[in-house]
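Q: work.pdb (PDB, C-alpha atoms and all ligand atoms) pasted underneath:
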MODEL        1
ATOM      1  CA  MET A  10     -14.562  57.576  57.710
ATOM      2  CA  ASN A  11     -16.881  55.200  59.467
ATOM      3  CA  GLN A  12     -19.494  55.815  62.147
ATOM      4  CA  LYS A  13     -17.033  54.917  64.948
ATOM      5  CA  SER A  14     -14.516  57.568  63.996
ATOM      6  CA  LEU A  15     -15.608  60.129  66.617
ATOM      7  CA  ALA A  16     -15.790  57.735  69.562
ATOM      8  CA  GLY A  17     -13.275  58.886  72.182
ATOM      9  CA  LYS A  18     -13.316  62.453  70.805
ATOM     10  CA  VAL A  19     -14.526  65.445  72.801
ATOM     11  CA  VAL A  20     -16.602  68.013  70.906
ATOM     12  CA  LEU A  21     -17.529  71.416  72.380
ATOM     13  CA  ILE A  22     -20.559  73.171  70.886
ATOM     14  CA  THR A  23     -21.483  76.768  71.725
ATOM     15  CA  GLY A  24     -25.113  77.793  71.263
ATOM     16  CA  ALA A  25     -26.112  74.165  71.926
ATOM     17  CA  SER A  26     -29.404  75.030  73.643
ATOM     18  CA  SER A  27     -31.380  75.656  70.461
ATOM     19  CA  GLY A  28     -31.648  75.388  66.673
ATOM     20  CA  ILE A  29     -28.513  74.434  64.748
ATOM     21  CA  GLY A  30     -26.367  73.909  67.880
ATOM     22  CA  LYS A  31     -28.905  71.559  69.456
ATOM     23  CA  ALA A  32     -29.299  69.574  66.201
ATOM     24  CA  THR A  33     -25.493  69.425  65.914
ATOM     25  CA  ALA A  34     -25.203  68.016  69.449
ATOM     26  CA  LEU A  35     -27.712  65.283  68.595
ATOM     27  CA  GLU A  36     -25.908  64.522  65.315
ATOM     28  CA  PHE A  37     -22.486  64.256  67.014
ATOM     29  CA  SER A  38     -24.025  61.981  69.667
ATOM     30  CA  ARG A  39     -24.821  59.479  66.874
ATOM     31  CA  TYR A  40     -21.078  59.285  66.189
ATOM     32  CA  GLY A  41     -20.247  58.530  69.820
ATOM     33  CA  ALA A  42     -18.363  61.759  70.621
ATOM     34  CA  SER A  43     -18.450  63.083  74.204
ATOM     35  CA  LEU A  44     -20.006  66.544  74.244
ATOM     36  CA  VAL A  45     -19.565  69.869  75.984
ATOM     37  CA  LEU A  46     -22.813  71.817  75.591
ATOM     38  CA  VAL A  47     -22.575  75.568  76.062
ATOM     39  CA  SER A  48     -25.026  78.481  76.153
ATOM     40  CA  LYS A  49     -26.416  81.074  78.569
ATOM     41  CA  ASN A  50     -29.428  78.893  79.426
ATOM     42  CA  LEU A  51     -28.604  75.890  81.643
ATOM     43  CA  GLN A  52     -32.191  74.646  81.753
ATOM     44  CA  LYS A  53     -32.425  74.315  77.961
ATOM     45  CA  LEU A  54     -28.946  72.743  77.867
ATOM     46  CA  THR A  55     -30.041  70.101  80.390
ATOM     47  CA  GLU A  56     -32.870  69.105  78.033
ATOM     48  CA  VAL A  57     -30.323  68.610  75.236
ATOM     49  CA  GLU A  58     -28.013  66.760  77.647
ATOM     50  CA  ASN A  59     -30.821  64.312  78.520
ATOM     51  CA  LYS A  60     -31.366  63.614  74.821
ATOM     52  CA  VAL A  61     -27.698  62.928  74.074
ATOM     53  CA  ASN A  62     -27.441  60.782  77.221
ATOM     54  CA  GLN A  63     -30.218  58.620  75.758
ATOM     55  CA  ALA A  64     -27.883  57.991  72.801
ATOM     56  CA  GLY A  65     -25.339  56.670  75.335
ATOM     57  CA  VAL A  66     -23.098  59.709  75.109
ATOM     58  CA  ARG A  67     -21.479  61.580  77.997
ATOM     59  CA  ALA A  68     -22.149  65.315  78.093
ATOM     60  CA  LEU A  69     -21.113  68.280  80.217
ATOM     61  CA  THR A  70     -23.291  71.403  80.261
ATOM     62  CA  ILE A  71     -21.714  74.789  80.899
ATOM     63  CA  ARG A  72     -23.437  78.141  81.311
ATOM     64  CA  CYS A  73     -21.339  80.693  79.470
ATOM     65  CA  ASP A  74     -21.920  84.081  77.896
ATOM     66  CA  MET A  75     -19.590  84.145  74.891
ATOM     67  CA  THR A  76     -19.202  87.914  75.195
ATOM     68  CA  ASN A  77     -17.687  87.496  78.661
ATOM     69  CA  ARG A  78     -14.020  86.515  78.461
ATOM     70  CA  SER A  79     -13.785  85.129  81.988
ATOM     71  CA  ASP A  80     -16.892  82.974  81.324
ATOM     72  CA  VAL A  81     -15.185  81.632  78.198
ATOM     73  CA  ARG A  82     -11.904  80.960  80.049
ATOM     74  CA  ASN A  83     -13.849  79.138  82.752
ATOM     75  CA  MET A  84     -15.688  77.111  80.072
ATOM     76  CA  ILE A  85     -12.389  75.778  78.706
ATOM     77  CA  GLN A  86     -11.030  75.108  82.221
ATOM     78  CA  GLN A  87     -14.155  73.107  83.133
ATOM     79  CA  THR A  88     -13.914  71.155  79.873
ATOM     80  CA  MET A  89     -10.270  70.230  80.482
ATOM     81  CA  GLU A  90     -10.880  69.345  84.148
ATOM     82  CA  THR A  91     -13.709  66.998  83.158
ATOM     83  CA  PHE A  92     -12.467  65.408  79.939
ATOM     84  CA  LYS A  93      -8.703  66.167  79.973
ATOM     85  CA  GLN A  94      -8.910  66.714  76.220
ATOM     86  CA  LEU A  95     -10.693  68.744  73.563
ATOM     87  CA  ASP A  96     -10.670  67.660  69.929
ATOM     88  CA  VAL A  97     -13.292  69.739  68.148
ATOM     89  CA  ALA A  98     -14.863  73.133  68.924
ATOM     90  CA  VAL A  99     -17.991  74.191  67.055
ATOM     91  CA  CYS A 100     -18.290  77.964  67.572
ATOM     92  CA  ASN A 101     -21.945  78.343  66.741
ATOM     93  CA  ALA A 102     -23.473  80.782  69.271
ATOM     94  CA  GLY A 103     -24.919  83.831  67.590
ATOM     95  CA  ILE A 104     -27.724  86.358  67.467
ATOM     96  CA  TYR A 105     -29.732  87.794  64.607
ATOM     97  CA  PHE A 106     -30.561  91.479  64.300
ATOM     98  CA  ARG A 107     -32.884  92.868  61.666
ATOM     99  CA  LYS A 108     -33.313  96.534  60.810
ATOM    100  CA  LEU A 109     -32.714  98.833  57.863
ATOM    101  CA  ALA A 110     -29.149 100.123  58.012
ATOM    102  CA  ILE A 111     -30.422 103.678  58.089
ATOM    103  CA  ASP A 112     -32.586 103.029  61.170
ATOM    104  CA  GLN A 113     -30.110 101.249  63.414
ATOM    105  CA  THR A 114     -27.776 102.813  65.916
ATOM    106  CA  ILE A 115     -24.042 102.275  66.145
ATOM    107  CA  ASP A 116     -24.611 100.730  69.600
ATOM    108  CA  GLU A 117     -26.989  98.141  68.123
ATOM    109  CA  ILE A 118     -24.425  97.259  65.459
ATOM    110  CA  ARG A 119     -21.718  97.014  68.144
ATOM    111  CA  ASP A 120     -23.895  94.578  70.182
ATOM    112  CA  VAL A 121     -24.230  92.251  67.195
ATOM    113  CA  MET A 122     -20.471  92.389  66.601
ATOM    114  CA  GLU A 123     -19.868  91.720  70.298
ATOM    115  CA  THR A 124     -21.692  88.379  70.196
ATOM    116  CA  ASN A 125     -21.209  87.139  66.643
ATOM    117  CA  TYR A 126     -17.671  88.357  65.971
ATOM    118  CA  PHE A 127     -15.894  89.025  69.275
ATOM    119  CA  GLY A 128     -17.845  86.250  71.068
ATOM    120  CA  THR A 129     -16.539  83.762  68.505
ATOM    121  CA  LEU A 130     -13.018  85.195  68.776
ATOM    122  CA  ASN A 131     -13.182  84.923  72.591
ATOM    123  CA  CYS A 132     -13.745  81.220  72.080
ATOM    124  CA  ILE A 133     -11.085  80.778  69.373
ATOM    125  CA  TYR A 134      -8.434  82.645  71.396
ATOM    126  CA  GLU A 135      -8.995  80.426  74.452
ATOM    127  CA  ILE A 136      -8.900  77.215  72.409
ATOM    128  CA  LEU A 137      -6.036  77.920  70.005
ATOM    129  CA  PRO A 138      -3.197  77.813  72.588
ATOM    130  CA  LEU A 139      -4.544  74.453  73.737
ATOM    131  CA  PHE A 140      -4.640  73.078  70.193
ATOM    132  CA  LEU A 141      -1.192  74.507  69.415
ATOM    133  CA  ALA A 142       0.231  72.787  72.509
ATOM    134  CA  GLU A 143      -1.434  69.507  71.505
ATOM    135  CA  LYS A 144      -0.455  70.083  67.844
ATOM    136  CA  THR A 145      -3.941  69.060  66.775
ATOM    137  CA  GLY A 146      -7.582  70.147  66.897
ATOM    138  CA  HIS A 147     -10.416  71.332  64.701
ATOM    139  CA  ILE A 148     -12.363  74.600  64.996
ATOM    140  CA  VAL A 149     -15.623  74.861  63.047
ATOM    141  CA  VAL A 150     -17.410  78.210  62.944
ATOM    142  CA  THR A 151     -21.067  78.659  61.983
ATOM    143  CA  SER A 152     -21.041  81.745  59.805
ATOM    144  CA  SER A 153     -23.940  82.416  57.434
ATOM    145  CA  LEU A 154     -24.587  82.882  53.740
ATOM    146  CA  ASP A 155     -25.005  86.520  54.853
ATOM    147  CA  GLY A 156     -21.247  86.382  55.461
ATOM    148  CA  LYS A 157     -20.748  85.881  51.708
ATOM    149  CA  LYS A 158     -23.402  88.304  50.469
ATOM    150  CA  GLY A 159     -25.184  90.967  52.501
ATOM    151  CA  LEU A 160     -28.973  91.108  52.398
ATOM    152  CA  PRO A 161     -31.399  93.985  52.967
ATOM    153  CA  HIS A 162     -32.345  94.438  56.667
ATOM    154  CA  ASP A 163     -29.306  92.341  57.674
ATOM    155  CA  SER A 164     -26.460  94.872  57.476
ATOM    156  CA  ALA A 165     -25.260  94.494  61.101
ATOM    157  CA  TYR A 166     -25.674  90.712  61.046
ATOM    158  CA  SER A 167     -24.059  90.373  57.585
ATOM    159  CA  ALA A 168     -21.147  92.554  58.663
ATOM    160  CA  SER A 169     -20.540  90.406  61.758
ATOM    161  CA  LYS A 170     -20.520  87.225  59.672
ATOM    162  CA  ALA A 171     -18.404  88.755  56.879
ATOM    163  CA  ALA A 172     -15.887  89.847  59.527
ATOM    164  CA  LEU A 173     -15.710  86.233  60.687
ATOM    165  CA  THR A 174     -15.272  85.020  57.111
ATOM    166  CA  GLY A 175     -12.251  87.281  56.571
ATOM    167  CA  PHE A 176     -10.697  86.513  59.945
ATOM    168  CA  LEU A 177     -11.040  82.765  59.474
ATOM    169  CA  GLU A 178      -9.622  82.849  55.929
ATOM    170  CA  SER A 179      -6.480  84.509  57.310
ATOM    171  CA  LEU A 180      -6.218  82.227  60.345
ATOM    172  CA  ARG A 181      -6.698  79.107  58.232
ATOM    173  CA  GLN A 182      -3.763  80.033  55.994
ATOM    174  CA  GLU A 183      -1.564  81.006  58.952
ATOM    175  CA  LEU A 184      -2.157  77.539  60.450
ATOM    176  CA  GLN A 185      -1.623  75.665  57.195
ATOM    177  CA  HIS A 186       1.748  74.281  58.374
ATOM    178  CA  THR A 187       0.134  72.813  61.526
ATOM    179  CA  SER A 188      -2.348  69.975  62.023
ATOM    180  CA  ILE A 189      -4.958  72.406  63.328
ATOM    181  CA  LYS A 190      -7.927  72.646  61.033
ATOM    182  CA  ILE A 191     -10.188  75.709  60.656
ATOM    183  CA  SER A 192     -13.522  75.299  58.883
ATOM    184  CA  THR A 193     -16.369  77.703  58.158
ATOM    185  CA  VAL A 194     -19.959  76.615  57.564
ATOM    186  CA  PHE A 195     -22.299  78.991  55.704
ATOM    187  CA  PRO A 196     -25.946  78.038  56.206
ATOM    188  CA  GLY A 197     -28.686  79.788  54.283
ATOM    189  CA  ARG A 198     -31.926  80.687  56.107
ATOM    190  CA  THR A 199     -32.479  77.862  58.579
ATOM    191  CA  ASN A 200     -35.711  76.915  60.315
ATOM    192  CA  THR A 201     -34.780  77.769  63.924
ATOM    193  CA  PRO A 202     -36.181  80.138  66.586
ATOM    194  CA  MET A 203     -33.706  82.738  65.271
ATOM    195  CA  ILE A 204     -35.768  83.544  62.178
ATOM    196  CA  GLN A 205     -39.231  82.592  63.415
ATOM    197  CA  ASN A 206     -40.463  86.191  63.224
ATOM    198  CA  ILE A 207     -39.285  86.919  59.672
ATOM    199  CA  SER A 208     -41.696  86.474  56.827
ATOM    200  CA  LEU A 209     -39.818  84.619  54.105
ATOM    201  CA  PRO A 210     -42.024  84.234  51.028
ATOM    202  CA  ASN A 211     -39.711  81.654  49.452
ATOM    203  CA  GLN A 212     -40.131  78.769  51.896
ATOM    204  CA  ARG A 213     -38.358  76.301  49.565
ATOM    205  CA  LEU A 214     -35.078  78.098  50.280
ATOM    206  CA  ILE A 215     -35.252  77.432  54.037
ATOM    207  CA  VAL A 216     -33.117  74.531  55.256
ATOM    208  CA  SER A 217     -33.676  72.405  58.344
ATOM    209  CA  PRO A 218     -31.309  72.635  61.349
ATOM    210  CA  GLU A 219     -30.783  68.871  60.999
ATOM    211  CA  LYS A 220     -29.414  69.358  57.462
ATOM    212  CA  VAL A 221     -26.989  72.020  58.718
ATOM    213  CA  ALA A 222     -26.013  69.749  61.633
ATOM    214  CA  LYS A 223     -25.213  66.892  59.242
ATOM    215  CA  SER A 224     -23.020  69.263  57.209
ATOM    216  CA  ILE A 225     -21.178  70.385  60.361
ATOM    217  CA  VAL A 226     -20.419  66.784  61.359
ATOM    218  CA  LYS A 227     -19.372  65.961  57.780
ATOM    219  CA  THR A 228     -17.106  69.031  57.864
ATOM    220  CA  VAL A 229     -15.309  67.473  60.842
ATOM    221  CA  LEU A 230     -15.211  63.935  59.439
ATOM    222  CA  ASP A 231     -13.971  65.020  56.003
ATOM    223  CA  LYS A 232     -11.867  67.972  57.256
ATOM    224  CA  LYS A 233     -13.580  70.351  54.848
ATOM    225  CA  THR A 234     -12.541  74.000  54.630
ATOM    226  CA  GLU A 235     -15.699  75.881  53.673
ATOM    227  CA  VAL A 236     -19.174  74.399  53.430
ATOM    228  CA  LEU A 237     -22.289  76.029  51.980
ATOM    229  CA  VAL A 238     -25.704  74.696  53.054
ATOM    230  CA  PRO A 239     -27.654  74.019  50.862
ATOM    231  CA  TYR A 240     -24.750  73.419  48.528
ATOM    232  CA  PHE A 241     -25.747  73.852  44.873
ATOM    233  CA  SER A 242     -28.130  76.836  45.073
ATOM    234  CA  SER A 243     -25.794  78.683  47.487
ATOM    235  CA  LYS A 244     -22.721  77.950  45.343
ATOM    236  CA  LEU A 245     -24.493  79.270  42.252
ATOM    237  CA  TYR A 246     -25.659  82.382  44.133
ATOM    238  CA  VAL A 247     -22.153  83.108  45.485
ATOM    239  CA  LEU A 248     -20.574  82.447  42.078
ATOM    240  CA  ILE A 249     -22.998  84.725  40.233
ATOM    241  CA  ASN A 250     -22.475  87.429  42.858
ATOM    242  CA  SER A 251     -18.684  87.198  42.504
ATOM    243  CA  ILE A 252     -18.961  87.625  38.723
ATOM    244  CA  SER A 253     -21.553  90.402  38.923
ATOM    245  CA  PRO A 254     -22.651  91.840  42.298
ATOM    246  CA  ARG A 255     -25.465  93.601  40.438
ATOM    247  CA  MET A 256     -26.785  90.220  39.260
ATOM    248  CA  GLY A 257     -26.355  88.965  42.840
ATOM    249  CA  ASP A 258     -28.505  91.887  44.054
ATOM    250  CA  SER A 259     -31.146  91.019  41.445
ATOM    251  CA  MET A 260     -31.138  87.375  42.508
ATOM    252  CA  SER A 261     -31.620  88.261  46.157
ATOM    253  CA  ARG A 262     -34.440  90.668  45.196
ATOM    254  CA  ILE A 263     -36.221  88.188  42.889
ATOM    255  CA  LEU A 264     -35.896  85.327  45.377
ATOM    256  CA  LYS A 265     -36.877  87.711  48.218
ATOM    257  CA  LEU A 266     -33.930  86.465  50.290
ATOM    258  CA  GLY A 267     -34.120  89.581  52.472
ATOM    259  CA  GLY A 268     -37.669  88.608  53.418
ATOM    260  CA  GLY A 269     -40.497  90.306  51.561
ATOM    261  CA  ARG A 270     -40.456  93.930  50.487
ATOM    262  CA  CYS A 271     -37.174  95.627  51.231
ATOM    263  CA  ARG A 272     -38.354  99.234  50.887
ATOM    264  CA  ALA A 273     -39.270 100.209  54.403
ATOM    265  CA  LYS A 274     -41.925 102.515  55.644
ATOM    266  CA  GLN A 275     -40.375 105.947  55.997
ATOM    267  CA  SER A 276     -37.373 105.389  58.188
ATOM    268  CA  VAL A 277     -36.283 107.522  61.108
ATOM    269  CA  MET A 278     -33.295 108.859  59.174
ATOM    270  CA  GLN A 279     -35.346 109.589  56.039
ATOM    271  CA  ARG A 280     -37.764 111.615  58.176
ATOM    272  CA  TYR A 281     -34.805 113.412  59.713
ATOM    273  CA  TRP A 282     -33.252 114.338  56.362
ATOM    274  CA  ARG A 283     -36.608 115.429  54.946
ATOM    275  CA  ASN A 284     -37.272 117.748  57.904
ATOM    276  CA  ALA A 285     -33.728 119.054  58.177
ATOM    277  CA  THR A 286     -33.093 122.489  56.710
ATOM    278  CA  SER A 287     -29.876 123.271  54.892
ATOM    279  CA  VAL A 288     -28.796 125.246  57.983
ATOM    280  CA  ASP A 289     -29.167 122.080  60.127
ATOM    281  CA  LEU A 290     -26.853 120.306  57.737
ATOM    282  CA  LEU A 291     -24.077 122.863  57.957
ATOM    283  CA  PRO A 292     -21.167 121.826  60.208
TER
HETATM  284  N1  LIG B   1     -31.306  80.397  61.551
HETATM  285  C1  LIG B   1     -30.721  80.871  60.450
HETATM  286  O1  LIG B   1     -31.393  81.238  59.456
HETATM  287  C2  LIG B   1     -29.204  80.915  60.357
HETATM  288  C3  LIG B   1     -28.629  81.019  59.075
HETATM  289  C4  LIG B   1     -27.246  81.080  58.979
HETATM  290  C5  LIG B   1     -26.459  81.046  60.100
HETATM  291  N2  LIG B   1     -27.028  80.955  61.322
HETATM  292  C6  LIG B   1     -26.147  80.945  62.485
HETATM  293  O2  LIG B   1     -26.258  79.717  63.163
HETATM  294  C7  LIG B   1     -25.927  79.889  64.535
HETATM  295  C8  LIG B   1     -27.007  79.258  65.390
HETATM  296  O3  LIG B   1     -28.218  79.958  65.175
HETATM  297  P1  LIG B   1     -29.670  79.258  65.231
HETATM  298  O4  LIG B   1     -30.326  79.522  63.951
HETATM  299  O5  LIG B   1     -29.556  77.881  65.726
HETATM  300  O6  LIG B   1     -30.366  80.227  66.296
HETATM  301  P2  LIG B   1     -30.993  79.971  67.741
HETATM  302  O7  LIG B   1     -31.923  78.827  67.693
HETATM  303  O8  LIG B   1     -31.495  81.297  68.171
HETATM  304  O9  LIG B   1     -29.724  79.571  68.610
HETATM  305  C9  LIG B   1     -28.729  80.510  68.952
HETATM  306  C10 LIG B   1     -27.856  79.885  70.017
HETATM  307  O10 LIG B   1     -26.804  80.796  70.349
HETATM  308  C11 LIG B   1     -26.768  80.935  71.763
HETATM  309  N3  LIG B   1     -26.262  82.249  72.138
HETATM  310  C12 LIG B   1     -26.641  83.466  71.680
HETATM  311  N4  LIG B   1     -25.930  84.430  72.266
HETATM  312  C13 LIG B   1     -25.082  83.818  73.128
HETATM  313  C14 LIG B   1     -24.090  84.287  74.028
HETATM  314  N5  LIG B   1     -23.810  85.593  74.188
HETATM  315  N6  LIG B   1     -23.405  83.370  74.755
HETATM  316  C15 LIG B   1     -23.670  82.055  74.644
HETATM  317  N7  LIG B   1     -24.588  81.554  73.795
HETATM  318  C16 LIG B   1     -25.290  82.430  73.057
HETATM  319  C17 LIG B   1     -28.204  80.705  72.215
HETATM  320  O11 LIG B   1     -28.196  80.249  73.544
HETATM  321  P3  LIG B   1     -28.904  80.935  74.815
HETATM  322  O12 LIG B   1     -29.928  81.885  74.299
HETATM  323  O13 LIG B   1     -29.431  79.775  75.558
HETATM  324  O14 LIG B   1     -27.764  81.588  75.486
HETATM  325  C18 LIG B   1     -28.620  79.587  71.280
HETATM  326  O15 LIG B   1     -28.214  78.345  71.790
HETATM  327  C19 LIG B   1     -25.776  81.393  64.748
HETATM  328  O16 LIG B   1     -24.402  81.737  64.735
HETATM  329  C20 LIG B   1     -26.464  81.985  63.533
HETATM  330  O17 LIG B   1     -25.960  83.258  63.214
HETATM  331  C21 LIG B   1     -28.391  80.869  61.490
ENDMDL
END
If you convert what's in this file into structure tokens, what do you get?
Ligand SMILES: NC(=O)c1ccc[n+]([C@@H]2O[C@H](COP(=O)([O-])OP(=O)(O)OC[C@H]3O[C@@H](n4cnc5c(N)ncnc54)[C@H](OP(=O)(O)O)[C@@H]3O)[C@@H](O)[C@H]2O)c1
A:
Amino acid sequence: MNQKSLAGKVVLITGASSGIGKATALEFSRYGASLVLVSKNLQKLTEVENKVNQAGVRALTIRCDMTNRSDVRNMIQQTMETFKQLDVAVCNAGIYFRKLAIDQTIDEIRDVMETNYFGTLNCIYEILPLFLAEKTGHIVVTSSLDGKKGLPHDSAYSASKAALTGFLESLRQELQHTSIKISTVFPGRTNTPMIQNISLPNQRLIVSPEKVAKSIVKTVLDKKTEVLVPYFSSKLYVLINSISPRMGDSMSRILKLGGGRCRAKQSVMQRYWRNATSVDLLP
């Protein structure tokens, strides 16, 4: 496909105020697509809007909390009122949460699921009826390599992304007889504000948001199904893990993918179990 192929298309991007979403908006603007930029922060979105306007592209900014279903419904209504069409939706908004599994609360895990899993589904369930009526459309979801293989400290985050992976695999097959395309992008650690506070000893494994953005646009242009970024190292990692999860664990430990030492200082739960008497443990 040539550079002109997205002119006249309308692309909605959630989480467009920062990191991968912002880079994706700028990348789509090079292909001439009109953009709907969505996040909770209108001020940051306006900065992105100004940049894409400089590329001669029309953009609409919408403040929307993906966990709020009426916000999401309103986002789609505003998009349709303004552009009268929607061709591509990049469901990219997400949060990162980092704690040892043993230290986190069920409520914390639920919060991560609410944004990363149900927030994405809120978006998909508003868009799908539209695409089904139009008999066309493309939904791209930013998952994570964590959605293929869990890492230490990332249990809640990995679970939210793995849930998306499973859901999207089912949906994709259910829609196979239609012209609606479902794609999942699995970036490895990406240099965005999301991971700025994690110490990652293996800096060579960190990809740029621009590289992920290029892969997302290519996913749309080439109608790809699943895309790993970076490709070769991630493919090898996923392949080795599928053959031997124990080897996958070793790889993630040797490459320090979980970010430095994974054994925590004594966790809250460890302290609890150590101090608990056998009587405490009886039902
Ligand atoms: N960075 C990585 O290492 C990495 C690796 C793999 C996958 N990913 C995934 O890539 C996606 C983008 O992350 P990023 O790295 O670009 O992080 P980021 O710079 O922190 O951007 C996250 C974006 O999501 C938006 N967002 C968060 N919660 C939202 C909500 N409830 N409603 C609406 N928007 C919300 C944020 O917007 P506001 O705060 O303005 O609302 C922001 O625009 C996420 O799904 C993330 O899980 C990231």
Q: Grab me every residue within 6 Å of ligand LIG 1 (chain B), counting only C-alpha atoms and all ligand atoms, and send it over as a ChimeraX atom specification.
A: /A:24-30,48-50,73-76,101-104,124,151-153,196-204
Q: To test your reading of the syntax: which residues would the PyMOL selection byres (((chain A and resi 36) around 12) and not hetatm) return for the file shown? Reply as a ChimeraX atom specification.
A: /A:12,15,20,22,25,29-35,37-44,57,60-61,64,66,218-227,229
Q: Neighbourhood query: residues within 9 Å of (-21.3, 82.7, 49.2), file coordinates, counting all atoms listed in the file; return as number ranges by chain.
A: A: 153-158, 195, 237, 243-248, 250-251
Q: Can you tell me how far CA of Gly146 in chain A sits from CA of Val97 in chain A, in Å to one decimal?
A: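 Interatomic distance, CA of Gly146 in chain A to CA of Val97 in chain A: 5.9 Å.
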Q: Just how far from CA of Ile148 in chain A is CA of Leu69 in chain A, in Å to one decimal?
A: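 These two atoms are separated by 18.7 Å.
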Q: I would like the residues chosen by the PyMOL selection byres (((chain A and resi 260) around 12) and not hetatm) on the shown file; could you give them as an MDAnalysis selection string?
A: chainID A and resid 158 160 242:243 245:250 253:259 261:267
Q: Kindly add N, CA and C atoms to the incomplete range 27-47 of chain A and provide the output as a JSON list (two decimals), in the coordinates of the input.
A:
[["chain", "number", "residue", "atom", "x", "y", "z"],
["A", 27, "SER", "N", -30.28, 75.38, 71.39],
["A", 27, "SER", "CA", -31.38, 75.66, 70.46],
["A", 27, "SER", "C", -30.92, 75.45, 69.01],
["A", 28, "GLY", "N", -31.89, 75.33, 68.12],
["A", 28, "GLY", "CA", -31.65, 75.39, 66.67],
["A", 28, "GLY", "C", -30.51, 74.52, 66.15],
["A", 29, "ILE", "N", -29.60, 75.15, 65.42],
["A", 29, "ILE", "CA", -28.51, 74.43, 64.75],
["A", 29, "ILE", "C", -27.59, 73.76, 65.77],
["A", 30, "GLY", "N", -27.28, 74.47, 66.87],
["A", 30, "GLY", "CA", -26.37, 73.91, 67.88],
["A", 30, "GLY", "C", -26.94, 72.66, 68.53],
["A", 31, "LYS", "N", -28.24, 72.71, 68.84],
["A", 31, "LYS", "CA", -28.90, 71.56, 69.46],
["A", 31, "LYS", "C", -28.91, 70.37, 68.48],
["A", 32, "ALA", "N", -29.29, 70.64, 67.21],
["A", 32, "ALA", "CA", -29.30, 69.57, 66.20],
["A", 32, "ALA", "C", -27.89, 69.01, 66.00],
["A", 33, "THR", "N", -26.89, 69.87, 66.09],
["A", 33, "THR", "CA", -25.49, 69.42, 65.91],
["A", 33, "THR", "C", -25.07, 68.51, 67.07],
["A", 34, "ALA", "N", -25.52, 68.86, 68.29],
["A", 34, "ALA", "CA", -25.20, 68.02, 69.45],
["A", 34, "ALA", "C", -25.80, 66.62, 69.25],
["A", 35, "LEU", "N", -27.05, 66.58, 68.80],
["A", 35, "LEU", "CA", -27.71, 65.28, 68.60],
["A", 35, "LEU", "C", -27.02, 64.50, 67.48],
["A", 36, "GLU", "N", -26.58, 65.20, 66.43],
["A", 36, "GLU", "CA", -25.91, 64.52, 65.32],
["A", 36, "GLU", "C", -24.55, 63.96, 65.77],
["A", 37, "PHE", "N", -23.78, 64.75, 66.53],
["A", 37, "PHE", "CA", -22.49, 64.26, 67.01],
["A", 37, "PHE", "C", -22.69, 63.07, 67.95],
["A", 38, "SER", "N", -23.81, 63.08, 68.71],
["A", 38, "SER", "CA", -24.02, 61.98, 69.67],
["A", 38, "SER", "C", -24.19, 60.65, 68.92],
["A", 39, "ARG", "N", -24.69, 60.72, 67.67],
["A", 39, "ARG", "CA", -24.82, 59.48, 66.87],
["A", 39, "ARG", "C", -23.46, 58.91, 66.50],
["A", 40, "TYR", "N", -22.43, 59.74, 66.55],
["A", 40, "TYR", "CA", -21.08, 59.28, 66.19],
["A", 40, "TYR", "C", -20.25, 58.95, 67.43],
["A", 41, "GLY", "N", -20.91, 59.00, 68.59],
["A", 41, "GLY", "CA", -20.25, 58.53, 69.82],
["A", 41, "GLY", "C", -19.31, 59.52, 70.48],
["A", 42, "ALA", "N", -19.28, 60.77, 70.01],
["A", 42, "ALA", "CA", -18.36, 61.76, 70.62],
["A", 42, "ALA", "C", -18.91, 62.22, 71.97],
["A", 43, "SER", "N", -18.03, 62.45, 72.94],
["A", 43, "SER", "CA", -18.45, 63.08, 74.20],
["A", 43, "SER", "C", -18.66, 64.57, 73.92],
["A", 44, "LEU", "N", -19.63, 65.18, 74.63],
["A", 44, "LEU", "CA", -20.01, 66.54, 74.24],
["A", 44, "LEU", "C", -19.89, 67.54, 75.39],
["A", 45, "VAL", "N", -19.49, 68.75, 75.05],
["A", 45, "VAL", "CA", -19.57, 69.87, 75.98],
["A", 45, "VAL", "C", -20.60, 70.83, 75.38],
["A", 46, "LEU", "N", -21.70, 71.02, 76.12],
["A", 46, "LEU", "CA", -22.81, 71.82, 75.59],
["A", 46, "LEU", "C", -22.83, 73.18, 76.28],
["A", 47, "VAL", "N", -22.76, 74.23, 75.49],
["A", 47, "VAL", "CA", -22.58, 75.57, 76.06],
["A", 47, "VAL", "C", -23.65, 76.55, 75.57]]
